[in-house]
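Enquirer: My file is upload_26.txt. It has compact mmCIF, C-alpha atoms and all ligand atoms:
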# COMPACT_ATOMS: atom_id res chain seq x y z
CA MET A 1 93.21 105.64 82.55
CA GLN A 2 92.73 108.36 80.00
CA PRO A 3 93.96 111.71 81.31
CA LYS A 4 91.30 113.84 79.62
CA ILE A 5 89.35 116.58 81.30
CA SER A 6 85.63 116.84 80.73
CA ALA A 7 84.61 120.07 79.03
CA SER A 8 82.15 120.78 81.83
CA LEU A 9 81.71 119.09 85.16
CA LYS A 10 78.55 117.11 84.51
CA LEU A 11 79.13 113.97 86.52
CA PRO A 12 76.66 111.09 86.58
CA SER A 13 74.84 110.61 89.88
CA PRO A 14 76.15 107.75 91.99
CA ASP A 15 73.72 104.89 92.63
CA SER A 16 72.26 104.66 96.13
CA ASP A 17 74.82 102.10 97.43
CA SER A 18 77.74 104.20 96.19
CA ALA A 19 76.21 107.37 97.62
CA ALA A 20 75.76 105.64 101.00
CA HIS A 21 79.37 104.45 100.88
CA SER A 22 80.60 107.94 100.03
CA ALA A 23 78.66 109.32 102.99
CA LYS A 24 80.58 106.94 105.27
CA VAL A 25 83.89 108.07 103.80
CA PHE A 26 82.80 111.69 104.24
CA ASP A 27 82.16 110.96 107.95
CA CYS A 28 85.59 109.32 108.27
CA VAL A 29 87.24 112.38 106.68
CA ALA A 30 85.13 114.74 108.83
CA ASP A 31 86.21 112.87 112.00
CA ALA A 32 89.86 113.23 110.96
CA ILE A 33 89.30 116.94 110.29
CA ASP A 34 87.74 117.29 113.72
CA ALA A 35 90.65 115.45 115.33
CA GLY A 36 93.07 117.62 113.32
CA GLY A 37 91.64 120.80 114.84
CA GLY A 38 89.51 121.85 111.86
CA SER A 39 91.50 120.76 108.82
CA ILE A 40 93.82 118.05 107.44
CA SER A 41 96.51 118.24 104.79
CA PHE A 42 95.46 117.33 101.27
CA ALA A 43 97.88 114.36 101.42
CA GLU A 44 96.05 113.04 104.49
CA PHE A 45 92.68 113.58 102.77
CA MET A 46 93.89 111.69 99.69
CA ARG A 47 95.22 108.86 101.89
CA LEU A 48 91.83 108.49 103.60
CA ALA A 49 89.77 108.85 100.41
CA LEU A 50 91.81 106.18 98.63
CA TYR A 51 93.15 103.89 101.35
CA ALA A 52 91.18 104.19 104.64
CA PRO A 53 90.81 100.52 105.68
CA GLY A 54 87.51 99.10 104.42
CA LEU A 55 86.39 102.50 103.15
CA GLY A 56 88.87 104.09 100.75
CA TYR A 57 88.47 103.93 96.98
CA TYR A 58 91.17 101.27 96.63
CA SER A 59 90.53 99.50 99.95
CA ALA A 60 86.80 98.89 99.55
CA GLY A 61 85.04 96.80 96.96
CA SER A 62 84.01 99.30 94.27
CA ARG A 63 84.24 98.31 90.61
CA LYS A 64 86.94 100.86 89.56
CA PHE A 65 88.43 99.18 86.47
CA GLY A 66 86.85 98.54 83.08
CA THR A 67 83.83 99.83 81.20
CA ALA A 68 81.51 99.36 84.20
CA GLY A 69 83.99 101.12 86.50
CA ASP A 70 85.70 104.52 86.47
CA PHE A 71 88.70 104.11 84.19
CA VAL A 72 90.55 101.71 81.93
CA THR A 73 94.26 100.97 82.23
CA ALA A 74 96.59 99.66 79.52
CA PRO A 75 96.62 96.01 80.71
CA GLU A 76 92.80 96.09 80.64
CA ILE A 77 92.77 97.49 77.11
CA SER A 78 94.78 94.63 75.64
CA PRO A 79 97.08 91.76 76.67
CA LEU A 80 99.46 93.14 74.01
CA PHE A 81 100.68 95.61 76.64
CA GLY A 82 101.68 92.79 79.00
CA ASN A 83 103.11 90.76 76.12
CA VAL A 84 105.52 93.56 75.21
CA LEU A 85 106.48 94.04 78.86
CA ALA A 86 107.05 90.30 79.18
CA GLY A 87 109.42 90.33 76.18
CA GLN A 88 111.32 93.29 77.62
CA SER A 89 111.48 91.60 81.03
CA ALA A 90 112.70 88.33 79.51
CA TYR A 91 115.57 90.24 77.90
CA VAL A 92 116.61 91.49 81.37
CA LEU A 93 116.08 88.11 83.11
CA ASP A 94 118.25 86.43 80.45
CA GLN A 95 121.07 88.86 81.19
CA LEU A 96 120.69 88.24 84.93
CA GLY A 97 120.63 84.48 84.40
CA GLY A 98 117.30 84.31 86.28
CA GLY A 99 115.46 86.41 88.86
CA ASP A 100 111.90 87.10 89.89
CA ILE A 101 109.17 89.52 88.84
CA LEU A 102 107.63 91.98 91.28
CA GLU A 103 104.45 93.81 90.31
CA PRO A 104 103.39 96.52 92.76
CA GLY A 105 99.73 97.59 92.54
CA ALA A 106 98.44 94.84 90.26
CA GLY A 107 94.88 96.17 89.86
CA THR A 108 92.62 93.38 88.63
CA GLY A 109 95.52 91.01 87.87
CA ALA A 110 95.18 91.55 84.10
CA LEU A 111 98.87 92.41 83.64
CA ALA A 112 100.00 89.43 85.72
CA VAL A 113 97.93 87.09 83.54
CA SER A 114 99.34 88.38 80.24
CA MET A 115 102.89 88.55 81.62
CA LEU A 116 102.85 84.99 82.97
CA ARG A 117 101.42 83.56 79.75
CA LYS A 118 103.90 85.37 77.54
CA LEU A 119 106.90 84.66 79.78
CA ASP A 120 105.96 80.98 79.57
CA GLU A 121 105.81 81.20 75.77
CA LEU A 122 109.29 82.78 75.83
CA SER A 123 110.58 80.05 78.21
CA SER A 124 111.43 82.81 80.70
CA LEU A 125 108.98 82.08 83.50
CA PRO A 126 110.36 83.35 86.80
CA GLU A 127 110.26 81.10 89.84
CA ASN A 128 108.31 83.80 91.68
CA TYR A 129 105.85 86.39 90.47
CA PHE A 130 105.39 88.65 93.48
CA ILE A 131 102.49 91.08 93.75
CA LEU A 132 102.83 93.94 96.21
CA GLU A 133 99.31 95.19 96.91
CA VAL A 134 98.00 97.54 99.60
CA SER A 135 94.34 96.79 98.89
CA PRO A 136 93.08 93.50 100.39
CA ASP A 137 90.02 93.71 98.12
CA LEU A 138 92.16 94.00 94.98
CA ALA A 139 94.54 91.26 96.18
CA GLU A 140 91.51 88.93 96.43
CA ARG A 141 90.34 89.91 92.96
CA GLN A 142 93.83 89.41 91.53
CA ALA A 143 94.03 85.89 92.99
CA ALA A 144 90.59 84.99 91.64
CA ARG A 145 91.44 86.26 88.15
CA ILE A 146 94.81 84.49 87.96
CA LYS A 147 93.20 81.25 89.17
CA VAL A 148 90.70 81.44 86.31
CA ASP A 149 92.82 82.90 83.50
CA ALA A 150 96.27 81.49 84.22
CA PRO A 151 95.70 78.59 86.67
CA GLU A 152 98.83 76.71 85.62
CA PHE A 153 100.99 79.58 86.94
CA PHE A 154 99.07 80.32 90.14
CA ASP A 155 101.59 78.48 92.34
CA ARG A 156 104.31 80.89 91.28
CA VAL A 157 102.34 83.95 92.40
CA SER A 158 102.52 85.26 95.95
CA TRP A 159 101.41 88.48 97.60
CA LEU A 160 103.65 90.78 99.62
CA ALA A 161 102.55 93.39 102.14
CA GLU A 162 105.68 95.49 101.81
CA ILE A 163 108.69 96.06 99.57
CA PRO A 164 111.03 93.06 100.07
CA LYS A 165 114.36 93.74 101.80
CA LYS A 166 116.26 92.33 98.82
CA PHE A 167 115.06 91.70 95.32
CA ALA A 168 116.77 90.54 92.12
CA GLY A 169 114.84 90.58 88.85
CA VAL A 170 112.30 92.88 87.19
CA VAL A 171 109.82 95.26 88.82
CA ILE A 172 106.84 96.51 86.81
CA ALA A 173 104.63 99.27 88.16
CA ASN A 174 101.91 100.45 85.79
CA GLU A 175 99.87 103.44 87.00
CA VAL A 176 100.95 102.95 90.61
CA ILE A 177 102.88 106.08 91.56
CA ASP A 178 100.11 108.36 90.29
CA ALA A 179 97.98 106.84 93.05
CA PHE A 180 100.22 107.93 95.94
CA PRO A 181 98.93 110.72 98.22
CA VAL A 182 100.47 114.07 97.26
CA GLU A 183 101.04 117.30 99.13
CA ARG A 184 99.36 120.28 97.50
CA PHE A 185 100.78 123.78 97.95
CA LEU A 186 99.72 127.31 97.21
CA ILE A 187 101.75 130.53 97.04
CA LEU A 188 100.16 133.33 99.03
CA GLU A 189 101.82 136.74 99.41
CA GLY A 190 105.13 135.10 98.55
CA ASP A 191 104.83 132.41 101.23
CA VAL A 192 104.41 128.69 100.69
CA GLN A 193 101.09 127.52 102.11
CA GLN A 194 99.95 123.92 102.52
CA SER A 195 96.57 123.23 100.89
CA ARG A 196 94.31 121.64 103.47
CA VAL A 197 90.81 120.21 103.51
CA THR A 198 88.02 121.26 105.82
CA VAL A 199 84.25 120.77 106.16
CA ASP A 200 81.67 123.34 105.19
CA GLY A 201 78.20 121.97 106.00
CA ASP A 202 77.75 118.84 103.89
CA ASN A 203 80.72 119.58 101.67
CA LEU A 204 84.46 119.28 101.81
CA THR A 205 86.27 122.45 100.88
CA TRP A 206 89.77 123.91 100.62
CA THR A 207 91.63 125.92 103.20
CA CYS A 208 95.32 126.53 103.76
CA ALA A 209 97.91 127.12 106.46
CA GLU A 210 101.61 127.86 106.66
CA ALA A 211 103.45 124.94 105.05
CA PRO A 212 105.42 122.60 107.30
CA SER A 213 109.15 123.16 106.84
CA GLY A 214 109.70 119.99 104.76
CA LEU A 215 107.10 121.05 102.21
CA ALA A 216 108.23 124.69 102.11
CA THR A 217 111.85 123.60 101.58
CA ALA A 218 110.83 121.20 98.80
CA VAL A 219 108.93 123.99 97.00
CA ARG A 220 111.81 126.46 97.35
CA ASN A 221 114.23 123.81 96.06
CA ILE A 222 112.08 123.39 92.94
CA GLU A 223 112.09 127.16 92.36
CA ARG A 224 115.88 127.25 92.76
CA GLU A 225 116.41 124.30 90.46
CA LEU A 226 114.12 125.68 87.75
CA ASP A 227 115.35 129.23 88.30
CA CYS A 228 111.83 130.60 88.75
CA THR A 229 109.65 132.20 91.41
CA PHE A 230 106.13 130.85 91.64
CA PRO A 231 103.68 133.80 91.47
CA ASP A 232 100.93 134.44 93.99
CA GLY A 233 98.07 132.00 93.53
CA TYR A 234 100.26 129.34 91.92
CA THR A 235 99.08 125.92 93.08
CA SER A 236 100.60 122.53 92.46
CA GLU A 237 101.54 119.25 94.07
CA ILE A 238 104.63 117.41 95.25
CA SER A 239 104.62 113.64 95.50
CA LEU A 240 107.04 113.17 98.38
CA ALA A 241 105.45 109.76 99.14
CA ALA A 242 106.11 108.51 95.60
CA GLN A 243 109.72 109.67 95.73
CA ASN A 244 110.23 107.97 99.12
CA TRP A 245 108.65 104.81 97.75
CA VAL A 246 110.96 104.80 94.71
CA SER A 247 113.97 105.31 97.05
CA GLU A 248 112.90 102.36 99.17
CA LEU A 249 112.22 100.18 96.14
CA ALA A 250 115.53 101.12 94.50
CA ALA A 251 117.45 100.42 97.71
CA SER A 252 115.95 96.90 97.85
CA ILE A 253 117.10 95.93 94.34
CA THR A 254 120.35 94.02 94.36
CA ALA A 255 120.35 93.42 90.60
CA GLY A 256 117.81 94.07 87.92
CA PHE A 257 115.48 96.49 86.32
CA VAL A 258 112.42 98.60 87.15
CA PHE A 259 109.81 99.65 84.58
CA LEU A 260 107.63 102.54 85.78
CA ILE A 261 104.78 103.40 83.43
CA ASP A 262 102.50 106.31 84.18
CA TYR A 263 101.15 109.57 82.89
CA GLY A 264 103.79 112.11 83.67
CA VAL A 265 106.20 114.78 82.56
CA THR A 266 109.61 116.24 83.42
CA ARG A 267 109.86 118.60 86.42
CA ARG A 268 110.22 121.62 84.12
CA GLU A 269 106.92 120.72 82.43
CA TYR A 270 105.25 119.85 85.73
CA TYR A 271 105.95 123.27 87.26
CA ALA A 272 105.54 125.34 84.09
CA ALA A 273 104.03 128.80 84.63
CA GLU A 274 100.91 127.93 82.60
CA ARG A 275 100.28 124.88 84.77
CA SER A 276 99.23 127.09 87.67
CA ASP A 277 96.58 124.76 89.10
CA GLY A 278 98.62 121.56 89.24
CA TRP A 279 97.99 118.14 87.77
CA LEU A 280 95.33 116.49 89.92
CA ARG A 281 92.98 114.23 87.98
CA CYS A 282 89.87 112.48 89.23
CA HIS A 283 87.89 109.74 87.50
CA PHE A 284 84.28 108.80 88.11
CA ARG A 285 82.40 106.53 85.70
CA HIS A 286 84.73 107.49 82.84
CA HIS A 287 84.37 111.23 83.46
CA ALA A 288 87.70 112.95 84.11
CA HIS A 289 87.75 116.18 86.10
CA ASP A 290 89.91 118.02 88.61
CA ASN A 291 87.86 118.33 91.81
CA PRO A 292 89.22 115.76 94.29
CA LEU A 293 86.88 116.85 97.10
CA LEU A 294 83.77 115.50 95.38
CA LEU A 295 82.44 111.96 95.87
CA PRO A 296 84.97 110.94 98.56
CA GLY A 297 85.81 107.24 98.45
CA ILE A 298 83.96 106.53 95.19
CA GLN A 299 86.05 108.44 92.69
CA ASP A 300 89.70 107.91 91.84
CA VAL A 301 92.07 110.75 92.72
CA THR A 302 95.48 110.83 91.05
CA THR A 303 98.22 113.19 89.93
CA TRP A 304 100.54 113.13 87.00
CA VAL A 305 104.06 112.04 87.86
CA ASP A 306 107.12 114.31 88.10
CA PHE A 307 109.50 111.85 86.41
CA THR A 308 112.51 114.03 87.26
CA GLY A 309 111.70 113.46 90.94
CA VAL A 310 111.42 109.72 90.34
CA ALA A 311 114.79 109.65 88.56
CA GLU A 312 116.43 111.66 91.36
CA ALA A 313 115.12 109.25 94.00
CA ALA A 314 116.44 106.25 92.04
CA VAL A 315 119.82 107.82 91.33
CA ALA A 316 120.21 108.75 95.02
CA ALA A 317 119.82 105.01 95.71
CA ASP A 318 122.55 104.28 93.14
CA MET A 319 120.32 103.04 90.34
CA SER A 320 120.78 104.34 86.79
CA VAL A 321 118.12 105.74 84.49
CA ALA A 322 118.22 103.36 81.53
CA GLY A 323 115.62 105.23 79.50
CA TYR A 324 112.63 107.59 79.57
CA VAL A 325 110.35 107.20 76.58
CA THR A 326 106.72 107.68 75.61
CA GLN A 327 104.45 104.64 75.96
CA ALA A 328 104.00 104.61 72.18
CA SER A 329 107.75 104.49 71.63
CA PHE A 330 108.17 101.82 74.30
CA LEU A 331 105.54 99.56 72.77
CA LEU A 332 106.52 100.11 69.14
CA SER A 333 110.27 99.65 69.74
CA GLY A 334 109.65 96.97 72.33
CA GLY A 335 108.08 94.41 70.01
CA LEU A 336 104.43 95.36 69.46
CA GLU A 337 104.68 94.63 65.75
CA GLY A 338 105.97 91.12 66.42
CA GLU A 339 102.90 90.54 68.58
CA LEU A 340 100.70 91.16 65.53
CA ALA A 341 102.12 88.37 63.38
CA ASN A 342 98.71 86.67 63.09
CA PHE A 343 96.79 89.91 62.39
CA ASP A 344 95.96 88.92 58.80
CA SER A 345 94.38 85.67 59.92
CA LEU A 346 91.83 87.51 62.11
CA SER A 347 88.33 88.28 60.88
CA ILE A 348 87.65 91.84 59.73
CA SER A 349 85.69 92.63 62.89
CA GLU A 350 88.52 91.24 65.05
CA GLN A 351 91.03 93.33 63.12
CA VAL A 352 88.94 96.47 63.63
CA GLU A 353 88.58 95.70 67.34
CA LEU A 354 92.32 95.07 67.78
CA SER A 355 93.29 98.16 65.77
CA GLY A 356 91.09 100.27 68.02
CA ARG A 357 92.84 98.93 71.10
CA ILE A 358 96.29 99.52 69.62
CA LYS A 359 95.27 103.08 68.81
CA LEU A 360 94.21 103.64 72.44
CA LEU A 361 97.61 102.42 73.63
CA THR A 362 99.75 104.30 71.13
CA LEU A 363 98.10 107.38 69.60
CA PRO A 364 99.45 110.70 70.94
CA ALA A 365 95.99 111.99 71.86
CA GLU A 366 95.18 108.76 73.72
CA MET A 367 97.77 107.05 75.96
CA GLY A 368 100.69 107.15 73.51
CA GLU A 369 102.39 110.36 74.61
CA HIS A 370 100.92 111.32 77.97
CA PHE A 371 102.11 108.02 79.34
CA LYS A 372 105.83 107.46 79.74
CA CYS A 373 107.93 104.44 80.54
CA MET A 374 110.97 104.99 82.71
CA GLY A 375 113.52 102.18 83.05
CA LEU A 376 115.85 102.04 86.05
CA SER A 377 118.70 99.56 86.25
CA ARG A 378 121.09 98.18 88.80
CA GLY A 379 124.12 96.32 87.51
CA ALA A 380 125.74 96.20 84.08
CA LEU A 381 122.62 95.47 82.04
CA HIS A 382 121.86 96.37 78.45
CA ALA A 383 118.62 98.34 78.18
CA PRO A 384 115.83 96.45 76.41
CA SER A 385 114.81 97.69 72.95
CA GLY A 386 111.71 99.60 74.13
CA LEU A 387 113.90 102.09 75.99
CA THR A 388 116.60 102.67 73.40
CA ALA A 389 114.73 104.50 70.61
CA LEU A 390 113.73 108.15 71.11
CA ASP A 391 115.07 108.19 74.65
CA LYS A 392 114.24 111.48 76.41
CA THR A 393 116.35 110.96 79.53
CA HIS A 394 118.34 114.09 78.70
CA LEU A 395 115.17 116.19 79.16
CA LEU A 396 114.65 115.11 82.79
C1 LIG B 1 95.41 102.81 89.14
S1 LIG B 1 95.63 101.27 89.88
C2 LIG B 1 96.64 100.49 88.66
C3 LIG B 1 96.44 99.02 88.64
C4 LIG B 1 97.22 98.21 87.62
N1 LIG B 1 98.65 98.37 87.76
C5 LIG B 1 96.79 98.47 86.21
O1 LIG B 1 97.56 99.00 85.45
O2 LIG B 1 95.63 98.17 85.88
C6 LIG B 1 96.73 101.58 91.22
C7 LIG B 1 97.12 100.33 91.98
O3 LIG B 1 98.20 100.66 92.89
C8 LIG B 1 97.91 100.08 94.16
N2 LIG B 1 98.72 100.81 95.15
C9 LIG B 1 98.56 102.05 95.62
N3 LIG B 1 99.53 102.36 96.51
C10 LIG B 1 100.35 101.29 96.57
C11 LIG B 1 101.55 100.99 97.29
N4 LIG B 1 102.09 101.85 98.15
N5 LIG B 1 102.13 99.79 97.11
C12 LIG B 1 101.58 98.90 96.24
N6 LIG B 1 100.45 99.11 95.55
C13 LIG B 1 99.85 100.29 95.70
C14 LIG B 1 96.40 100.18 94.24
O4 LIG B 1 95.84 99.40 95.25
C15 LIG B 1 96.04 99.70 92.82
O5 LIG B 1 96.13 98.30 92.71
Can you turn what I pasted into structure tokens?
Ligand SMILES: C[S@@+](CC[C@H](N)C(=O)[O-])C[C@H]1O[C@@H](n2cnc3c(N)ncnc32)[C@H](O)[C@@H]1O

Expert:
Amino acid sequence: MQPKISASLKLPSPDSDSAAHSAKVFDCVADAIDAGGGSISFAEFMRLALYAPGLGYYSAGSRKFGTAGDFVTAPEISPLFGNVLAGQSAYVLDQLGGGDILEPGAGTGALAVSMLRKLDELSSLPENYFILEVSPDLAERQAARIKVDAPEFFDRVSWLAEIPKKFAGVVIANEVIDAFPVERFLILEGDVQQSRVTVDGDNLTWTCAEAPSGLATAVRNIERELDCTFPDGYTSEISLAAQNWVSELAASITAGFVFLIDYGVTRREYYAAERSDGWLRCHFRHHAHDNPLLLPGIQDVTTWVDFTGVAEAAVAADMSVAGYVTQASFLLSGGLEGELANFDSLSISEQVELSGRIKLLTLPAEMGEHFKCMGLSRGALHAPSGLTALDKTHLL
């Protein structure tokens, strides 16, 4: 999705079905607030708004992806994205002498389709293409799409409900860790407060309370590490859930590689003084804004990723950071040009269309620089080409 903020918050009105659905999610959140004694943590709110069974943004059947939805992701923009990832994965699988692919959070299944087709072309099809998906609705849509667009590979695809105990091969997570519930904090009179959500009439609104010790310690650790003191009013987020998830994933990998692609920055950039209201981003019908309490259950709520935190979680589980590059660098060094060998044989209108899509994936003001690709490796593996040029690991 494009991390741009609308100049002013003029959101389109939801249609009546969406509005009715959002009202149900509001009631679910309000019940939780009631049960929580008047408020819930922002992380709990985000978990309900996105993942409450049958209700949350990702758990229920809303459109989400594509021009008719709320946002567009790289695999939806062009199969070129999956083709490059397939080439980079094949390079790793060759070194391993085999192995499987695991794709957490596979969205509509678009990436799986392009990966499977390209891996076949490269004679590197894995025996298993696992999809780890928390949304039953999306898992159904993924299966339907793969059956139509890549039926010959459907038998290799299976769905997992949790991270496998042991995995050897390549893991690819595109725009997954930005979707994990985050804790939000606020500095008030020098103390760390936990941002919480409460109800005010028909609206959800912010409140705060003394931070639980785990959150307060995490905030103080960031200050110590960055040698700064957050001023009063400073607000930001910590994605403890994403870091725990990366730890668990890393611990399960016996040999292989993880590609994590997402919009994100280093910890120093994440907690910069000028970024005093955090990095939350919401998407509704292609309008980006930063109010997560609106339209519960029918808008996407995400945060940018603290890639330093991701690297720390992986290193603590004994994986190595094999590279941290911009998406543009990853695609351009990872074989995008080779994917355009037949460009001249396309019609002018096809060339214009394809060029537009490549620009979306690579230009700095589009997805090229905001999005990063981090590679994590276990075992003596050579990093694939996409991670070797313009590596920014030293900045983490
Ligand atoms: C923004 S979408 C990205 C989808 C897809 N990767 C793409 O690029 O189009 C986030 C995806 O992550 C999934 N997800 C969220 N939390 C997850 C978790 N803990 N494990 C696996 N998938 C998760 C969501 O259900 C959804 O499929």

Enquirer: Please, which residues in chain A fall within 9 Å of ligand LIG 1 (chain B) when counting only C-alpha atoms and all ligand atoms, and what is the closest atom pair and distance in Å to one decimal for each, ordered by chain then residue number, as a tab-separated table?

Expert:
residue	atom	partner	partner_atom	distance
A:Met1	CA	B:LIG1	C1	7.5
A:Leu50	CA	B:LIG1	C9	8.5
A:Tyr51	CA	B:LIG1	O4	8.0
A:Tyr57	CA	B:LIG1	O4	8.8
A:Tyr58	CA	B:LIG1	O4	5.2
A:Ser59	CA	B:LIG1	O4	7.1
A:Lys64	CA	B:LIG1	C1	8.7
A:Phe65	CA	B:LIG1	O2	7.3
A:Phe71	CA	B:LIG1	C1	8.4
A:Val72	CA	B:LIG1	O2	7.3
A:Thr73	CA	B:LIG1	O2	4.8
A:Ala74	CA	B:LIG1	O1	6.0
A:Pro75	CA	B:LIG1	O1	5.7
A:Glu76	CA	B:LIG1	O2	6.3
A:Glu103	CA	B:LIG1	N1	7.8
A:Pro104	CA	B:LIG1	C12	4.6
A:Gly105	CA	B:LIG1	O3	3.4
A:Ala106	CA	B:LIG1	N1	4.3
A:Gly107	CA	B:LIG1	C3	3.5
A:Thr108	CA	B:LIG1	O2	6.3
A:Gly109	CA	B:LIG1	C4	7.4
A:Ala110	CA	B:LIG1	O2	6.9
A:Leu111	CA	B:LIG1	C5	6.9
A:Ile131	CA	B:LIG1	C12	8.3
A:Leu132	CA	B:LIG1	C12	5.1
A:Glu133	CA	B:LIG1	N6	4.3
A:Val134	CA	B:LIG1	N6	5.0
A:Ser135	CA	B:LIG1	O4	4.7
A:Pro136	CA	B:LIG1	O4	8.3
A:Asp137	CA	B:LIG1	O4	8.6
A:Leu138	CA	B:LIG1	O5	6.3
A:Ala139	CA	B:LIG1	O5	8.0
A:Ala161	CA	B:LIG1	C12	8.1
A:Glu162	CA	B:LIG1	N5	7.3
A:Ile163	CA	B:LIG1	N5	7.9
A:Ile172	CA	B:LIG1	N1	8.5
A:Ala173	CA	B:LIG1	N1	6.1
A:Asn174	CA	B:LIG1	N1	4.3
A:Glu175	CA	B:LIG1	C2	4.7
A:Val176	CA	B:LIG1	O3	4.2
A:Ile177	CA	B:LIG1	N3	7.0
A:Asp178	CA	B:LIG1	C1	7.4
A:Ala179	CA	B:LIG1	C9	5.5
A:Phe180	CA	B:LIG1	N3	5.6
A:Pro181	CA	B:LIG1	N3	8.6
A:Ala241	CA	B:LIG1	N4	8.7
A:Ala242	CA	B:LIG1	N4	8.2
A:Trp245	CA	B:LIG1	N4	7.2
A:Ile261	CA	B:LIG1	O1	8.7
A:Asp262	CA	B:LIG1	O1	8.9
A:Asp300	CA	B:LIG1	C1	8.1
A:Thr302	CA	B:LIG1	C1	8.2

Enquirer: When distances are computed from all atoms listed in the file, which of A:Gly297, A:Glu127, A:Val182, A:Ala389 shows the smallest separation from Pro53 (chain A)?

Expert: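 Closest to Pro53 (chain A), using all atoms listed in the file: A:Gly297.
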
Enquirer: Rank A:Gly278, A:Gly386, A:Gly264, A:Pro126 by their smallest atom-to-atom distance to Gly98 (chain A), using all atoms listed in the file, and report the top residue only.

Expert: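 Using all atoms listed in the file, the shortest distance to Gly98 (chain A) belongs to A:Pro126.
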
Enquirer: With all atoms listed in the file as the atoms that count, which of A:Pro296, A:Pro164, A:Pro151, A:Gly169 lies nearest to Ser124 (chain A)?

Expert: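 The shortest atom-to-atom distance to Ser124 (chain A) comes from A:Gly169.
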
Enquirer: Quick check, in Å to one decimal: how far apart do CA of Ala328 (chain A) and CA of Ser114 (chain A) lie?

Expert: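 CA of Ser114 (chain A) lies 18.7 Å from CA of Ala328 (chain A).
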
Enquirer: Using only C-alpha atoms, which residue out of A:Ile101, A:Ile238, A:Leu360, A:Val148 lies closest to Trp304 (chain A)?

Expert: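 Of A:Ile101, A:Ile238, A:Leu360, A:Val148, the one nearest Trp304 (chain A) is A:Ile238, counting only C-alpha atoms.
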
Enquirer: Which residues come within 6 Å of region 197-202 of chain A, counting only C-alpha atoms, excluding same-chain residues fewer than 6 positions away, as a ChimeraX atom specification?

Expert: /A:39-40,42

Enquirer: Of the candidates A:Phe45, A:Phe330, A:Phe343, A:Phe284, which shows the shortest atom-to-atom distance to Phe81 (chain A), using only C-alpha atoms?

Expert: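 Of A:Phe45, A:Phe330, A:Phe343, A:Phe284, the one nearest Phe81 (chain A), counting only C-alpha atoms, is A:Phe330.
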
Enquirer: From the set A:Leu346, A:Ala341, A:Val246, A:Cys228, which residue has the shortest atom-to-atom contact distance to Phe307 (chain A), counting all atoms listed in the file?

Expert: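 For Phe307 (chain A), the nearest of the given residues is A:Val246.
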
Enquirer: Go ahead and compute the interatomic distance for CA of Gly37 (chain A) and CA of Cys282 (chain A), in Å to one decimal.

Expert: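 CA of Cys282 (chain A) lies 27.0 Å from CA of Gly37 (chain A).
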
Enquirer: Extract, using only C-alpha atoms, all DNA, RNA and protein residues at most 12 Å from Lys147 (chain A), discarding same-chain residues fewer than 4 positions from it, and format them as a ChimeraX atom specification.

Expert: /A:109-110,112-113,140-143,151-157

Enquirer: Which residues, written as JSON, numbers by chain, have at least one atom at most 12 Å from Glu189 (chain A), with all atoms listed in the file counted and residues fewer than 2 positions away on the same chain left out?

Expert: {"A": [186, 187, 191, 192, 193, 210, 230, 231, 232, 233, 234]}
